Structure formats: C-alpha cells, structure tokens
Protein chains: 2
Amino acid sequence: MNYSSTEENYIKAIYNLRGNVQTVGTNELADVLDTKPASVTDMLKKLKSKKLLHYEKYQGFKLSPEGRKVALGIVRKHRLWEYFLAEILEFEWEEVHDVAEELEHVSSRKLIDKLDEFLGHPRFDPHGDPIPDNMGRIQSSSQFCLTKLPLNTLVEVSSVGSQSSEMLELLRHRNILIGTKLEIKRRFGFDNSLEVKIRNMASFTISEQLAQNIFVKYARKA
Amino acid sequence: MNYSSTEENYIKAIYNLRGNVQTVGTNELADVLDTKPASVTDMLKKLKSKKLLHYEKYQGFKLSPEGRKVALGIVRKHRLWEYFLAEILEFEWEEVHDVAEELEHVSSRKLIDKLDEFLGHPRFDPHGDPIPDNMGRIQSSSQFCLTKLPLNTLVEVSSVGSQSSEMLELLRHRNILIGTKLEIKRRFGFDNSLEVKIRNMASFTISEQLAQNIFVKYARKA
DNA sequence: ATACTTTTTTAGATTTGTCTAAATTTATTT
DNA sequence: AAATAAATTTAGACAAATCTAAAAAAGTAT
C-alpha cells in the first residue's frame, strides 16, 4: 500500500505522540500538525477505513498494528535521511529535521534500503533517536542518548552511534567502551559539553558531538 | 517562489519537449504527462498567471525566461539525484529515473548544493545528459554522449562524466584524452559495446559503461 | 468555400485535504 | 443534577488538480 504525504504525516504524528500505548486526542493532534480539529476528524475516518487505526467517535484513537508498521517505516526513512544529511552532506544537526520531513515521503523501498547500506546501517540518528531496521524493529527504548541523561544517574554504555575510526579512537582514549558504567556530573550550557565520571577515575569533559554518539541504559547499582 | 510538484512536472515536460525554442501543443503535452488536454489547458492558465510561460489561447505556448530558469532548476535536481543513485547507491542506470522523479521535488536549495558538492560537481548524469550548475548554466548542447553518436562520424572528446581514478586509468590506457579525435565504427546490440577507431591506431571496443562517461563534440575535419 | 477532421477550450463534476460555524457529546463545577 | 466548559463531530464551503462531454476555433480536403 502507498499513502499520501498527508496521511503519512498524520500516522507519524500519532506515533510520535504516544509510542502506541495510550489513546490520543483530536485537539492534541490538530495542535502538533498545525491544523484544525475538524480536519483531524475527517482524516481519522479515512485512516480508520484503511484500517490504520482504532477509532470510535468521541473515544480517542490509537494506531492499529498495521498503522504502527507504517509509522515505523516513515520513522526509519526520516531518521536515515537525517543521518545522511548530517554525516554525509555535513548539515548542522539542527538543520536536518525540516529537510528530512520532505525526503521521508519519497516512496522507493529500494532507495531506503540502499541508503541504509551505504550509511553502514546506523542505529541512531543525529539526535540520538533509534533507527528502525528494514523489518521495522526498533532498538528498545530503555536505551537513550547520553545528551538526554539526567545528572548523577549511573548508566552503562550500550552502543555507539557511528563506527568512524576517529571516534572509536577517541572513545578508547577516554576508556569508554560498551559496558562502561558512568554518570554525568555537570552540563555546561555554553557548548553543551558534559562532565563525565567513571568509577575509580578522575572526571573529565566530553564534547556534545561525542555525547551524541554514546548510548546508554540504566545500570543496576550491583 | 515555490511551486507544487504538479506545476514543476508541467514546466519540466514543456522544457524537455522543446529546449525553449518552438511552441508546444496541448495534446502533445497531455500525452507526455499522461493526462487529458482539458487538464493541460487549466494548468496553462495557471502557469501563465504566474508568468512562467507565454500563452495565448489556440496559439500554443512556450516557457518564459523565468519558466526556463525554474525548468533548469528542476533538471539540475533530477540529474544530480540520478547521478547519486547510480554512482553512490549503485542503482542500475535504467532504475534511476523513476526515483529521481520523486526526489527532484524536494525543495531545499541547500540540500541540492551540498549534494552537488559531495558528488564532486559532476557535469553529466548517468544517461549522459548535462547537469546545469547552481547558476542554471548548462553545458552547450553541441556536446553529447558517445552512446548517442551516429556511426562513422568524426568527433572530438570534450569531457568525461566522472573523475574516478579507475576510469581515468582505463581511458589513459585506451589513449582516450580530452581532445582525442575518434569515430564509432560499429555498435553491438547484445551489450551495447562500441567499436572505436582513433586515427593511426587499430580499432578496439569499449564497454557501454565507459561510453556513457565519454562526451564529444563534432570535430572539424581539419 | 463548404464540409470534415483535428486541436483546443469551456462548463460542470469529482477527489483530497482543508476550513468555519454550528451542533453534539463528554467532562467539570457548584 | 443542573449549569457551564471543553473536546469533538457534523454540515457546508473552498482550492487544487483532475476528469468527461460538449462547444468553439483552426486546419485540411475536395
């Protein structure tokens, strides 16, 4: 099945609003899509008739399994394009979102799988959000980017966002490896650099660019 | 100004039908756009009101200078994406067109200029058609691809479509340089390979892939 | 120059996605 | 539980791009 850009934007917005768990409201969706509630209602009927969501009037709505699959496909495209723009075309990371909003609606399946391959199957986009694979599987959300970590919380490094040898060299030099336990002591607003503490070591600071490529999960204090 | 995908497709089709010289007919345009003459008439009025073409009813139409500028912008995007698909993502050259039809409507100017830079400012797409530069200048049409050359016509190599060192090495080995005079003696339909003759040398064959990267202009017999 | 054919345009309808304004349902107060 | 507020849906309209069927203009033939 192929869906219009508008339909895709609705699906994606519903997905982004609530992974898929709770129910979403009409006003809320109108708000993020920058449109009117009446327009949302019209589209909901259409998406329901295409079996992309569960919807009963006045009762809210949520994606169906099929709708979720579509959403993950769009998210995959969006995040791969963001990665391409930032890593290959050297866009600043704040600039990538709007362009990716357009690119994500290009429909060729082969395009996106070839792009994925060319990029080396990255698992996270420049914002640290996970990229679904070509089967629609997404990294468990218990993992997140170091840039989003609250202070003084012990976590364990679970993956890195790129395989560039320069970055891996830097990580090795800092003694940051998969499984390393660390916490953030301070955040400097000026350049978003972070002061990092690893047990038994003096704390040190790392740049925002590096932090964006480090993904962690909560560590049991054990 | 930003134009809809549909408007862009009309502009591009008019441009492709006649560089910009003669007048185009309604039926003819309906035909290449796979739509009906009545729809074409409607769109002509709209494009005229936007000053993208000269049009008087029943008298045919052609692009205005502004329309031509828009057309060249779209052609540039189309051909750069084709080049990207073929050279970077390793699409077969017959596959690139349809995907580029979608990508060409992505509007970011920065995207296309960064892409151009990343690709090394290629001057020809995988079909041998020239890529307009970011000022809308296009290689003079007196230059064309070796694959489109009639038999037994003396031409002079004027440029090559890629700078890959492997290809340049092969060209050097064949004694094909910018300025080399040659003619095509035979075309083999099976694999589209070409038998090439350079003065004072035994003729030899070159592959379709290589021919696609050789651009020539008519040589004065001098 | 009259009749026929082809091309082009008009008129009116359709689809998609949107809107406003009014009506309806659900939720919250008191 | 009645009144009020908030969220949601309906009804009717609009713009973009398309279509069909019919009318008008241009071109061609005899």
# chains A, B, ... in the order shown; residues from 1 in each chain; ligands from 1
>>> interface_residues(of="chain C", to="chain B", cutoff="9 Å", atoms="only C-alpha atoms (C1' of nucleotides)", output="CSV table (one decimal) with N, CA and C atoms (P, O5', C5', C4', C3', O3' and C1' of nucleotides), in the first residue's frame")
chain,number,residue,atom,x,y,z
C,7,DT,P,-4.7,16.2,-33.7
C,7,DT,O5',-5.0,17.7,-33.1
C,7,DT,C5',-4.6,18.8,-33.8
C,7,DT,C4',-5.1,20.1,-33.0
C,7,DT,C3',-4.7,20.0,-31.6
C,7,DT,O3',-4.0,21.2,-31.3
C,7,DT,C1',-7.0,20.6,-31.8
C,8,DT,P,-3.4,21.6,-29.9
C,8,DT,O5',-4.6,22.4,-29.2
C,8,DT,C5',-5.0,23.6,-29.8
C,8,DT,C4',-6.2,24.1,-29.0
C,8,DT,C3',-6.0,24.2,-27.5
C,8,DT,O3',-6.1,25.6,-27.2
C,8,DT,C1',-8.1,23.3,-28.1
C,9,DT,P,-6.0,26.0,-25.7
C,9,DT,O5',-7.5,26.2,-25.3
C,9,DT,C5',-8.3,27.1,-26.0
C,9,DT,C4',-9.8,27.0,-25.6
C,9,DT,C3',-10.0,27.3,-24.1
C,9,DT,O3',-10.9,28.4,-24.0
C,9,DT,C1',-11.2,25.3,-24.8
C,10,DT,P,-11.3,29.0,-22.6
C,10,DT,O5',-12.7,28.2,-22.3
C,10,DT,C5',-13.8,28.6,-23.1
C,10,DT,C4',-15.0,27.8,-22.7
C,10,DT,C3',-15.5,28.0,-21.2
C,10,DT,O3',-16.8,28.3,-21.3
C,10,DT,C1',-15.3,25.7,-21.8
>>> residues_around(residues="Ala86 (chain A)", least_positions_apart="6", cutoff="7 Å", atoms="only C-alpha atoms (C1' of nucleotides)", output="list in words")
Glu92, Trp93, Val96 and Pro126 of chain A
>>> write_last_selection(atoms="C-alpha atoms", output="PDB file, in the first residue's frame")
ATOM      1  CA  GLU A  92      24.321  21.022  11.171  1.00  0.00           C
ATOM      2  CA  TRP A  93      22.223  18.746  13.296  1.00  0.00           C
ATOM      3  CA  VAL A  96      18.365  18.172   9.244  1.00  0.00           C
ATOM      4  CA  PRO A 126      21.966  12.631  14.794  1.00  0.00           C
TER       5      PRO A 126
END
>>> interface_residues(of="chain B", to="chain A", cutoff="12 Å", atoms="only C-alpha atoms", output="NGL selection string")
:B and (81-82 or 84-92 or 95-120)
>>> atom_distance(atom1="C1' of DT26 (chain C)", atom2="C1' of DT8 (chain D)")
8.9 Å
>>> residues_around(residues="DT16 (chain C)", least_positions_apart="4", cutoff="10 Å", atoms="only C-alpha atoms (C1' of nucleotides)", output="compact mmCIF listing (two decimals) with N, CA and C atoms (P, O5', C5', C4', C3', O3' and C1' of nucleotides), in the first residue's frame")
# COMPACT_ATOMS: atom_id res chain seq x y z
N SER A 4 -0.60 8.87 1.00
CA SER A 4 -0.23 10.24 0.64
C SER A 4 0.68 10.83 1.72
N THR A 6 0.20 13.48 3.30
CA THR A 6 -0.63 13.93 4.42
C THR A 6 -0.99 12.77 5.34
P DA D 16 -5.81 27.37 -5.46
O5' DA D 16 -5.40 25.85 -5.74
C5' DA D 16 -4.63 25.14 -4.79
C4' DA D 16 -4.49 23.70 -5.25
C3' DA D 16 -4.06 23.57 -6.71
O3' DA D 16 -3.01 22.63 -6.77
C1' DA D 16 -6.08 22.37 -6.33
P DA D 17 -2.16 22.55 -8.14
O5' DA D 17 -2.80 21.30 -8.89
C5' DA D 17 -2.75 20.03 -8.27
C4' DA D 17 -3.72 19.11 -8.97
C3' DA D 17 -3.57 19.07 -10.50
O3' DA D 17 -3.27 17.74 -10.90
C1' DA D 17 -5.84 19.20 -9.83
>>> residues_around(residues="Gly179 (chain B)", least_positions_apart="2", cutoff="7 Å", atoms="only C-alpha atoms (C1' of nucleotides)", output="list in words")
Glu156, Val157, Ser158, Leu177 and Lys181 of chain B
>>> write_last_selection(atoms="C-alpha atoms", output="CSV table (one decimal), in the first residue's frame")
chain,number,residue,atom,x,y,z
B,156,GLU,CA,36.5,15.1,-30.5
B,157,VAL,CA,36.4,14.1,-26.9
B,158,SER,CA,35.3,17.2,-24.9
B,177,LEU,CA,42.1,12.0,-23.7
B,181,LYS,CA,39.5,12.6,-32.3
>>> residues_around(residues="DT18 (chain D)", least_positions_apart="3", cutoff="10 Å", atoms="only C-alpha atoms (C1' of nucleotides)", output="PyMOL selection string")
(chain B and resi 35-36+38-40+42) or (chain C and resi 14-15)
>>> write_last_selection(atoms="N, CA and C atoms (P, O5', C5', C4', C3', O3' and C1' of nucleotides)", output="PDB file, in the first residue's frame")
ATOM      1  N   THR B  35      -2.059  12.742 -19.173  1.00  0.00           N
ATOM      2  CA  THR B  35      -3.272  13.366 -18.644  1.00  0.00           C
ATOM      3  C   THR B  35      -4.115  13.791 -19.844  1.00  0.00           C
ATOM      4  N   LYS B  36      -5.181  14.574 -19.614  1.00  0.00           N
ATOM      5  CA  LYS B  36      -6.085  14.956 -20.693  1.00  0.00           C
ATOM      6  C   LYS B  36      -5.858  16.413 -21.122  1.00  0.00           C
ATOM      7  N   ALA B  38      -7.822  18.809 -21.579  1.00  0.00           N
ATOM      8  CA  ALA B  38      -8.571  19.787 -20.775  1.00  0.00           C
ATOM      9  C   ALA B  38      -7.792  20.170 -19.515  1.00  0.00           C
ATOM     10  N   SER B  39      -7.135  19.169 -18.904  1.00  0.00           N
ATOM     11  CA  SER B  39      -6.362  19.446 -17.693  1.00  0.00           C
ATOM     12  C   SER B  39      -5.174  20.336 -18.025  1.00  0.00           C
ATOM     13  N   VAL B  40      -4.587  20.100 -19.187  1.00  0.00           N
ATOM     14  CA  VAL B  40      -3.443  20.902 -19.613  1.00  0.00           C
ATOM     15  C   VAL B  40      -3.863  22.362 -19.764  1.00  0.00           C
ATOM     16  N   ASP B  42      -6.207  23.977 -18.298  1.00  0.00           N
ATOM     17  CA  ASP B  42      -6.365  24.575 -16.970  1.00  0.00           C
ATOM     18  C   ASP B  42      -5.012  24.988 -16.390  1.00  0.00           C
TER      19      ASP B  42
ATOM     20  P    DT C  14     -20.293  14.635  -9.409  1.00  0.00           P
ATOM     21  O5'  DT C  14     -18.701  14.451  -9.310  1.00  0.00           O
ATOM     22  C5'  DT C  14     -18.004  13.614 -10.236  1.00  0.00           C
ATOM     23  C4'  DT C  14     -16.619  13.296  -9.683  1.00  0.00           C
ATOM     24  C3'  DT C  14     -16.603  13.017  -8.181  1.00  0.00           C
ATOM     25  O3'  DT C  14     -15.743  11.932  -7.921  1.00  0.00           O
ATOM     26  C1'  DT C  14     -15.130  14.789  -8.687  1.00  0.00           C
ATOM     27  P    DT C  15     -15.683  11.251  -6.449  1.00  0.00           P
ATOM     28  O5'  DT C  15     -14.172  11.498  -5.983  1.00  0.00           O
ATOM     29  C5'  DT C  15     -13.107  11.414  -6.922  1.00  0.00           C
ATOM     30  C4'  DT C  15     -11.818  11.883  -6.245  1.00  0.00           C
ATOM     31  C3'  DT C  15     -11.781  11.638  -4.734  1.00  0.00           C
ATOM     32  O3'  DT C  15     -10.485  11.157  -4.382  1.00  0.00           O
ATOM     33  C1'  DT C  15     -11.460  13.936  -5.182  1.00  0.00           C
TER      34       DT C  15
END
>>> residues_around(residues="Phe215 (chain B)", least_positions_apart="4", cutoff="8 Å", atoms="only C-alpha atoms (C1' of nucleotides)", output="ChimeraX atom specification")
/B:128,143-146,157-161
>>> interface_residues(of="chain D", to="chain B", cutoff="12 Å", atoms="only C-alpha atoms (C1' of nucleotides)", output="PDB file with C-alpha atoms (C1' of nucleotides), in the first residue's frame")
ATOM      1  C1'  DA D  16      -6.082  22.370  -6.332  1.00  0.00           C
ATOM      2  C1'  DA D  17      -5.839  19.197  -9.826  1.00  0.00           C
ATOM      3  C1'  DT D  18      -8.188  16.305 -12.310  1.00  0.00           C
ATOM      4  C1'  DC D  19     -11.987  14.303 -15.431  1.00  0.00           C
ATOM      5  C1'  DT D  20     -15.963  13.838 -19.224  1.00  0.00           C
ATOM      6  C1'  DA D  21     -18.795  15.718 -22.574  1.00  0.00           C
ATOM      7  C1'  DA D  24     -15.531  26.530 -30.479  1.00  0.00           C
ATOM      8  C1'  DA D  25     -11.552  27.506 -33.277  1.00  0.00           C
ATOM      9  C1'  DA D  26      -8.097  26.151 -36.612  1.00  0.00           C
ATOM     10  C1'  DG D  27      -6.559  23.305 -40.321  1.00  0.00           C
TER      11       DG D  27
END
>>> atom_distance(atom1="CA of Leu151 (chain B)", atom2="CA of Leu171 (chain B)")
20.6 Å
>>> select_by_dssp(residues="region 3-219 of chain A", states="alpha helix (DSSP H)", output="number ranges by chain")
A: 5-17, 26-32, 37-49, 65-83, 96-103, 109-118, 165-173, 208-211
>>> atom_distance(atom1="C1' of DA29 (chain D)", atom2="CA of Glu28 (chain B)")
23.9 Å
